[in-house]
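So this block is upload11.cif, mmCIF, C-alpha atoms:
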data_structure
#
loop_
_atom_site.label_atom_id
_atom_site.label_comp_id
_atom_site.auth_asym_id
_atom_site.auth_seq_id
_atom_site.Cartn_x
_atom_site.Cartn_y
_atom_site.Cartn_z
CA MET A 1 171.08 65.64 95.92
CA ILE A 2 168.74 63.63 93.69
CA LEU A 3 166.31 63.00 96.54
CA GLU A 4 166.39 66.69 97.44
CA LYS A 5 165.62 67.72 93.86
CA LEU A 6 162.68 65.32 93.82
CA LEU A 7 161.29 66.53 97.14
CA ILE A 8 161.60 70.29 96.52
CA PRO A 9 158.75 70.46 93.94
CA LEU A 10 156.59 68.38 96.25
CA ALA A 11 157.41 70.65 99.17
CA SER A 12 156.48 73.68 97.08
CA GLY A 13 153.17 72.05 96.31
CA ALA A 14 152.74 71.23 99.98
CA GLU A 15 153.40 74.84 100.94
CA HIS A 16 150.81 75.96 98.41
CA ALA A 17 148.37 73.34 99.61
CA ALA A 18 148.97 74.31 103.23
CA HIS A 19 148.18 77.93 102.42
CA ALA A 20 145.09 76.85 100.49
CA THR A 21 144.05 74.61 103.38
CA ASP A 22 144.37 77.45 105.89
CA THR A 23 142.28 79.65 103.64
CA ALA A 24 139.66 76.96 103.20
CA ALA A 25 139.55 76.29 106.93
CA ALA A 26 139.01 79.97 107.59
CA HIS A 27 135.96 79.83 105.33
CA GLY A 28 134.63 76.59 106.80
CA GLY A 29 136.39 74.29 104.34
CA GLY A 30 137.39 70.65 104.75
CA PRO A 31 140.26 69.01 106.63
CA PRO A 32 143.89 69.41 105.55
CA GLU A 33 145.24 67.04 102.92
CA LEU A 34 148.49 66.56 101.05
CA PRO A 35 148.67 67.86 97.47
CA ASN A 36 147.91 65.29 94.81
CA LEU A 37 148.67 65.40 91.11
CA VAL A 38 145.09 66.00 89.95
CA HIS A 39 144.59 68.82 92.45
CA MET A 40 147.91 70.45 91.48
CA ILE A 41 146.92 70.32 87.80
CA TYR A 42 143.66 72.01 88.74
CA LEU A 43 145.53 74.73 90.68
CA ALA A 44 147.92 75.27 87.76
CA PHE A 45 145.38 75.42 84.93
CA GLY A 46 142.25 76.60 86.73
CA GLU A 47 138.72 75.88 85.55
CA THR A 48 139.94 73.96 82.50
CA PHE A 49 140.50 70.95 84.76
CA HIS A 50 137.72 71.66 87.26
CA SER A 51 135.93 68.42 86.37
CA TRP A 52 139.15 66.50 87.09
CA HIS A 53 139.28 68.03 90.56
CA VAL A 54 135.63 67.12 91.24
CA TRP A 55 136.16 63.51 90.14
CA GLU A 56 139.70 63.07 91.51
CA ASN A 57 138.70 60.22 93.87
CA VAL A 58 137.07 58.34 91.00
CA ILE A 59 140.14 58.98 88.84
CA TYR A 60 142.49 57.51 91.43
CA GLY A 61 140.10 54.60 91.94
CA PHE A 62 140.34 53.83 88.21
CA VAL A 63 144.14 54.19 88.35
CA VAL A 64 144.27 51.47 91.02
CA LEU A 65 141.86 49.33 88.99
CA LEU A 66 143.99 49.73 85.88
CA LEU A 67 147.18 48.78 87.72
CA LEU A 68 145.54 45.66 89.16
CA CYS A 69 144.24 44.68 85.72
CA VAL A 70 147.69 45.10 84.18
CA VAL A 71 149.35 42.99 86.89
CA SER A 72 146.64 40.31 86.69
CA MET A 73 146.86 40.02 82.91
CA ARG A 74 150.65 39.90 83.09
CA VAL A 75 150.53 37.04 85.60
CA TYR A 76 147.90 35.17 83.59
CA ARG A 77 149.63 35.49 80.23
CA ARG A 78 153.03 34.49 81.60
CA ARG A 79 151.87 31.68 83.85
CA LYS A 80 154.15 28.66 83.95
CA LEU A 81 154.16 25.23 85.56
CA VAL A 82 157.13 26.39 87.61
CA PRO A 83 155.93 29.83 88.75
CA GLY A 84 158.10 32.92 88.75
CA LYS A 85 158.23 35.43 91.59
CA LEU A 86 155.16 37.43 90.56
CA GLN A 87 153.09 34.34 89.79
CA ASN A 88 154.19 32.78 93.07
CA VAL A 89 153.06 35.84 95.03
CA ALA A 90 149.72 35.85 93.20
CA GLU A 91 149.14 32.14 93.84
CA MET A 92 150.01 32.51 97.53
CA ALA A 93 147.57 35.44 97.83
CA VAL A 94 144.76 33.50 96.13
CA GLU A 95 145.32 30.35 98.22
CA GLY A 96 145.58 32.30 101.45
CA LEU A 97 142.43 34.33 100.80
CA ASP A 98 140.50 31.24 99.68
CA SER A 99 141.42 29.44 102.92
CA PHE A 100 140.48 32.51 104.95
CA PHE A 101 137.04 32.79 103.34
CA HIS A 102 136.44 29.05 103.66
CA SER A 103 137.15 29.22 107.40
CA ILE A 104 134.31 31.76 107.77
CA ILE A 105 131.68 30.78 105.19
CA GLY A 106 132.37 27.06 104.97
CA LYS A 107 131.76 24.86 101.94
CA HIS A 108 129.80 27.62 100.17
CA SER A 109 132.82 29.96 100.05
CA ARG A 110 134.43 29.01 96.74
CA PRO A 111 132.01 30.94 94.44
CA PHE A 112 132.60 34.12 96.47
CA THR A 113 136.39 33.93 96.66
CA PRO A 114 136.99 35.91 93.42
CA PHE A 115 134.70 38.73 94.55
CA LEU A 116 135.90 38.92 98.15
CA GLY A 117 139.56 38.46 97.20
CA THR A 118 139.36 41.22 94.61
CA LEU A 119 137.55 43.42 97.14
CA PHE A 120 140.35 43.01 99.70
CA ILE A 121 143.19 43.70 97.26
CA TYR A 122 141.35 46.63 95.67
CA VAL A 123 140.53 48.29 99.01
CA LEU A 124 144.08 47.68 100.29
CA CYS A 125 145.67 49.26 97.21
CA MET A 126 143.34 52.28 97.40
CA ASN A 127 144.17 52.71 101.08
CA LEU A 128 147.91 52.60 100.40
CA MET A 129 147.77 54.91 97.39
CA GLY A 130 147.56 57.94 99.68
CA LEU A 131 151.06 57.13 100.96
CA VAL A 132 152.56 57.53 97.48
CA PRO A 133 153.75 61.11 96.71
CA LEU A 134 151.28 63.08 94.55
CA MET A 135 148.66 60.32 94.90
CA LYS A 136 145.51 60.18 97.03
CA SER A 137 143.53 57.45 98.80
CA PRO A 138 140.15 57.18 97.04
CA THR A 139 138.78 55.51 100.18
CA SER A 140 139.11 58.85 101.99
CA SER A 141 135.93 59.79 100.09
CA MET A 142 132.54 58.73 101.44
CA ASN A 143 131.27 58.35 97.86
CA ILE A 144 133.84 55.62 97.14
CA THR A 145 133.41 53.69 100.39
CA LEU A 146 129.61 53.83 100.19
CA SER A 147 129.72 52.62 96.58
CA LEU A 148 131.87 49.64 97.60
CA ALA A 149 129.56 48.87 100.53
CA LEU A 150 126.46 49.02 98.30
CA VAL A 151 128.07 46.58 95.85
CA VAL A 152 128.62 44.18 98.77
CA PHE A 153 125.05 44.75 100.04
CA PHE A 154 123.34 44.01 96.72
CA TYR A 155 125.58 41.02 96.00
CA VAL A 156 124.80 39.56 99.43
CA GLN A 157 121.06 39.95 98.81
CA TYR A 158 121.38 38.40 95.34
CA ALA A 159 123.43 35.50 96.72
CA GLY A 160 120.88 34.97 99.48
CA MET A 161 117.94 34.84 97.06
CA ARG A 162 119.83 32.51 94.75
CA ARG A 163 121.01 30.12 97.46
CA LEU A 164 117.91 30.14 99.67
CA GLY A 165 115.22 30.69 97.06
CA ILE A 166 112.61 33.44 97.23
CA ILE A 167 110.43 31.64 99.82
CA LYS A 168 113.26 30.91 102.24
CA TYR A 169 114.73 34.36 101.63
CA ILE A 170 111.47 36.03 102.69
CA ASP A 171 111.19 33.56 105.59
CA HIS A 172 114.70 34.61 106.67
CA PHE A 173 113.57 38.27 106.74
CA LEU A 174 110.45 37.38 108.73
CA GLY A 175 112.58 35.78 111.44
CA GLU A 176 111.80 32.18 110.41
CA PRO A 177 108.51 31.92 112.32
CA ARG A 178 107.58 28.32 113.16
CA ASP A 179 104.87 28.78 115.78
CA VAL A 180 102.14 31.18 116.83
CA MET A 181 104.50 33.33 118.88
CA GLY A 182 106.90 33.51 115.93
CA TRP A 183 104.16 34.85 113.65
CA ILE A 184 103.05 37.33 116.32
CA LEU A 185 106.60 38.71 116.41
CA VAL A 186 106.82 39.07 112.61
CA PRO A 187 105.68 42.76 112.65
CA ILE A 188 108.57 43.43 115.03
CA ASN A 189 111.21 41.16 113.45
CA LEU A 190 110.61 42.34 109.88
CA PRO A 191 111.40 46.07 110.37
CA ILE A 192 114.29 45.23 112.72
CA HIS A 193 115.78 42.82 110.18
CA PHE A 194 115.21 45.31 107.35
CA ILE A 195 116.89 48.15 109.26
CA SER A 196 119.81 45.93 110.25
CA GLU A 197 120.38 44.98 106.60
CA LEU A 198 120.38 48.65 105.57
CA ALA A 199 122.75 49.49 108.42
CA LYS A 200 125.40 47.08 107.11
CA PRO A 201 126.54 49.13 104.08
CA VAL A 202 126.37 52.33 106.14
CA SER A 203 128.59 50.90 108.89
CA LEU A 204 131.01 49.40 106.36
CA SER A 205 131.40 52.68 104.47
CA LEU A 206 131.66 54.93 107.54
CA ARG A 207 134.28 52.76 109.24
CA LEU A 208 136.57 52.66 106.20
CA PHE A 209 136.01 56.32 105.32
CA GLY A 210 136.64 57.56 108.85
CA ASN A 211 139.85 55.61 109.43
CA ILE A 212 141.49 56.37 106.08
CA THR A 213 140.50 60.04 106.27
CA GLY A 214 141.97 60.19 109.76
CA GLU A 215 145.26 58.75 108.50
CA ASP A 216 145.48 61.23 105.63
CA VAL A 217 144.59 64.21 107.83
CA LEU A 218 147.16 63.19 110.44
CA ILE A 219 149.96 62.84 107.88
CA ALA A 220 149.00 66.11 106.17
CA ALA A 221 148.82 68.01 109.47
CA PHE A 222 152.30 66.90 110.55
CA THR A 223 153.70 67.56 107.07
CA PHE A 224 152.44 71.15 107.13
CA LEU A 225 153.64 71.51 110.73
CA GLY A 226 157.13 70.43 109.69
CA ILE A 227 157.13 73.03 106.90
CA THR A 228 155.78 75.74 109.20
CA MET A 229 158.46 75.10 111.83
CA LEU A 230 161.10 76.25 109.32
CA GLY A 231 158.98 79.14 108.07
CA PHE A 232 161.30 81.69 109.67
CA LEU A 233 163.96 80.72 107.12
CA HIS A 234 161.74 81.47 104.13
CA GLY A 235 162.19 85.20 104.48
CA ALA A 236 165.97 85.01 104.41
CA VAL A 237 167.91 86.43 101.50
CA ALA A 238 169.33 83.02 100.64
CA THR A 239 166.72 80.50 101.69
CA PRO A 240 168.19 76.98 101.99
CA GLU A 241 166.47 74.56 99.64
CA TRP A 242 166.04 72.00 102.41
CA ALA A 243 164.02 74.54 104.38
CA ARG A 244 161.25 74.27 101.80
CA ILE A 245 160.95 70.57 102.55
CA GLY A 246 160.58 71.11 106.27
CA ILE A 247 161.12 68.75 109.16
CA PRO A 248 159.77 65.27 108.25
CA LEU A 249 157.55 64.93 111.31
CA GLN A 250 155.12 62.80 109.31
CA LEU A 251 157.52 59.89 108.67
CA PRO A 252 156.56 57.79 111.76
CA PHE A 253 152.91 58.06 110.76
CA TYR A 254 153.64 56.56 107.33
CA PHE A 255 154.66 53.31 109.02
CA LEU A 256 151.57 53.46 111.20
CA ALA A 257 149.41 54.06 108.12
CA LEU A 258 150.88 50.97 106.44
CA LEU A 259 149.58 48.89 109.32
CA THR A 260 146.20 50.58 109.75
CA SER A 261 145.48 50.64 106.01
CA THR A 262 146.03 46.87 105.87
CA ILE A 263 143.88 46.34 108.95
CA GLN A 264 141.03 48.45 107.54
CA ALA A 265 141.07 46.54 104.25
CA LEU A 266 141.00 43.29 106.22
CA VAL A 267 138.15 44.48 108.46
CA PHE A 268 136.10 45.65 105.47
CA THR A 269 136.57 42.28 103.74
CA LEU A 270 136.06 40.28 106.94
CA LEU A 271 132.71 41.93 107.68
CA SER A 272 131.65 41.46 104.06
CA THR A 273 132.53 37.77 104.36
CA VAL A 274 130.51 37.49 107.58
CA TYR A 275 127.51 39.04 105.80
CA PHE A 276 127.74 36.34 103.14
CA ALA A 277 128.05 33.67 105.83
CA MET A 278 124.95 34.96 107.61
CA MET A 279 122.95 34.71 104.39
CA MET A 280 124.06 31.19 103.46
CA PRO A 281 121.90 28.16 104.37
CA HIS A 282 123.03 26.51 107.61
CA GLU A 283 120.83 23.44 107.80
CA GLU A 284 122.77 21.77 104.98
CA GLU A 285 126.06 21.79 106.88
CA GLU A 286 125.23 18.44 108.54
CA HIS A 287 124.71 16.59 105.23
#

Once more with this new file: its structure as structure tokens, please.
Amino acid sequence: MILEKLLIPLASGAEHAAHATDTAAAHGGGPPELPNLVHMIYLAFGETFHSWHVWENVIYGFVVLLLLCVVSMRVYRRRKLVPGKLQNVAEMAVEGLDSFFHSIIGKHSRPFTPFLGTLFIYVLCMNLMGLVPLMKSPTSSMNITLSLALVVFFYVQYAGMRRLGIIKYIDHFLGEPRDVMGWILVPINLPIHFISELAKPVSLSLRLFGNITGEDVLIAAFTFLGITMLGFLHGAVATPEWARIGIPLQLPFYFLALLTSTIQALVFTLLSTVYFAMMMPHEEEEH
């Protein structure tokens, strides 16, 4: 009974969102999506909260950031020589990620572990947020994924200039010419290298955006289908309350989304780590 009372308001919002989605699709709108709290507030109060609706992905991104900050500060302030459960989980995550980055970058990995580790956990939490009722995955927005990819891109370029130096950094872009033929190929290598560097944030952002959006659309489509399948009961004199929830056809896809969301966060971080590794000096590995 308690679960049913909790799901009925959500189902009502889903019915409303499904109707709004059908209307939007008829007018060339976007793909279907489950109702989220910010969007439902906008539907309830109208233009008063229009700015919230426009910035809903940023809002949920900040919610994830705030939760991670609260957990991090709690672990740091209550750290002990004999760690508790939360501190133990945090230490295992840090050690595991540090070892993972070291296996790819090598001895230069330690300064980048905080950034790359935070990137993985942040992207993972944003991916999984869409599976929480009334929440939304910020990474289903191209603006969010492109912003994350640009942060990685500029940090990689900064790290490259700092580690290699300006001269070696430019030499890296020129294709490291060491003979006449190398210098002849510079006009070809330079634009190719420049385009490939610009393609990295685009590929990172599109891959994450496309996969998370696909997950959300799939879950939303099957949720609305489950509600529609019991639509014939909605016109009855005494409509059963469970009919408003619909058939939970989307449940198997939640378990699939748990796996794919984790994989996409790992792929995003793995490729970012590889970009750092490609920019690090290699000739010093033998010393």

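Minimum atom-to-atom distance to A:Leu208, evaluated using only C-alpha atoms, belongs to A:Thr139 out of A:Ser51, A:Thr118, A:Thr139, A:Ser99.
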
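The space separating atom CA of A:Phe120 from atom CA of A:Val58 comes to 17.9 Å.
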
Discussion item. Excluding A:His53 and its own-chain neighbours fewer than 5 positions away, which residues fall within 12 Å of it when counting only C-alpha atoms? Please give them as number ranges by chain.
Written reply: A: 35-48, 58-60, 136

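Between atom CA of A:Leu66 and atom CA of A:Phe112 lies a distance of 22.0 Å.
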
If we count all atoms listed in the file, what is near A:Ile219 at a cut-off of 8 Å, once residues fewer than 2 positions away on the same chain are taken out, given as an mmCIF file with C-alpha atoms, in the coordinates of the input?
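Once everything was written out, this is part-v5.cif:
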data_model
loop_
_atom_site.group_PDB
_atom_site.id
_atom_site.type_symbol
_atom_site.label_atom_id
_atom_site.label_comp_id
_atom_site.auth_asym_id
_atom_site.auth_seq_id
_atom_site.Cartn_x
_atom_site.Cartn_y
_atom_site.Cartn_z
ATOM 1 C CA LEU A 34 148.490 66.560 101.050
ATOM 2 C CA GLU A 215 145.260 58.750 108.500
ATOM 3 C CA ASP A 216 145.480 61.230 105.630
ATOM 4 C CA VAL A 217 144.590 64.210 107.830
ATOM 5 C CA ALA A 221 148.820 68.010 109.470
ATOM 6 C CA PHE A 222 152.300 66.900 110.550
ATOM 7 C CA THR A 223 153.700 67.560 107.070
ATOM 8 C CA GLN A 250 155.120 62.800 109.310
ATOM 9 C CA PHE A 253 152.910 58.060 110.760
ATOM 10 C CA TYR A 254 153.640 56.560 107.330
#

Practice prompt. Spell out the residues picked by the PyMOL selection byres ((chain A and resi 65) around 12) here, as a ChimeraX atom specification.
Written response: /A:58-64,66-72,118-119,121-126,129,138

Worksheet item: Applied to this file, what does the PyMOL selection byres ((chain A and resi 111) around 12) return in terms of residues, put as a ChimeraX atom specification?
Response: /A:98,101-102,105-110,112-117,159,163,276
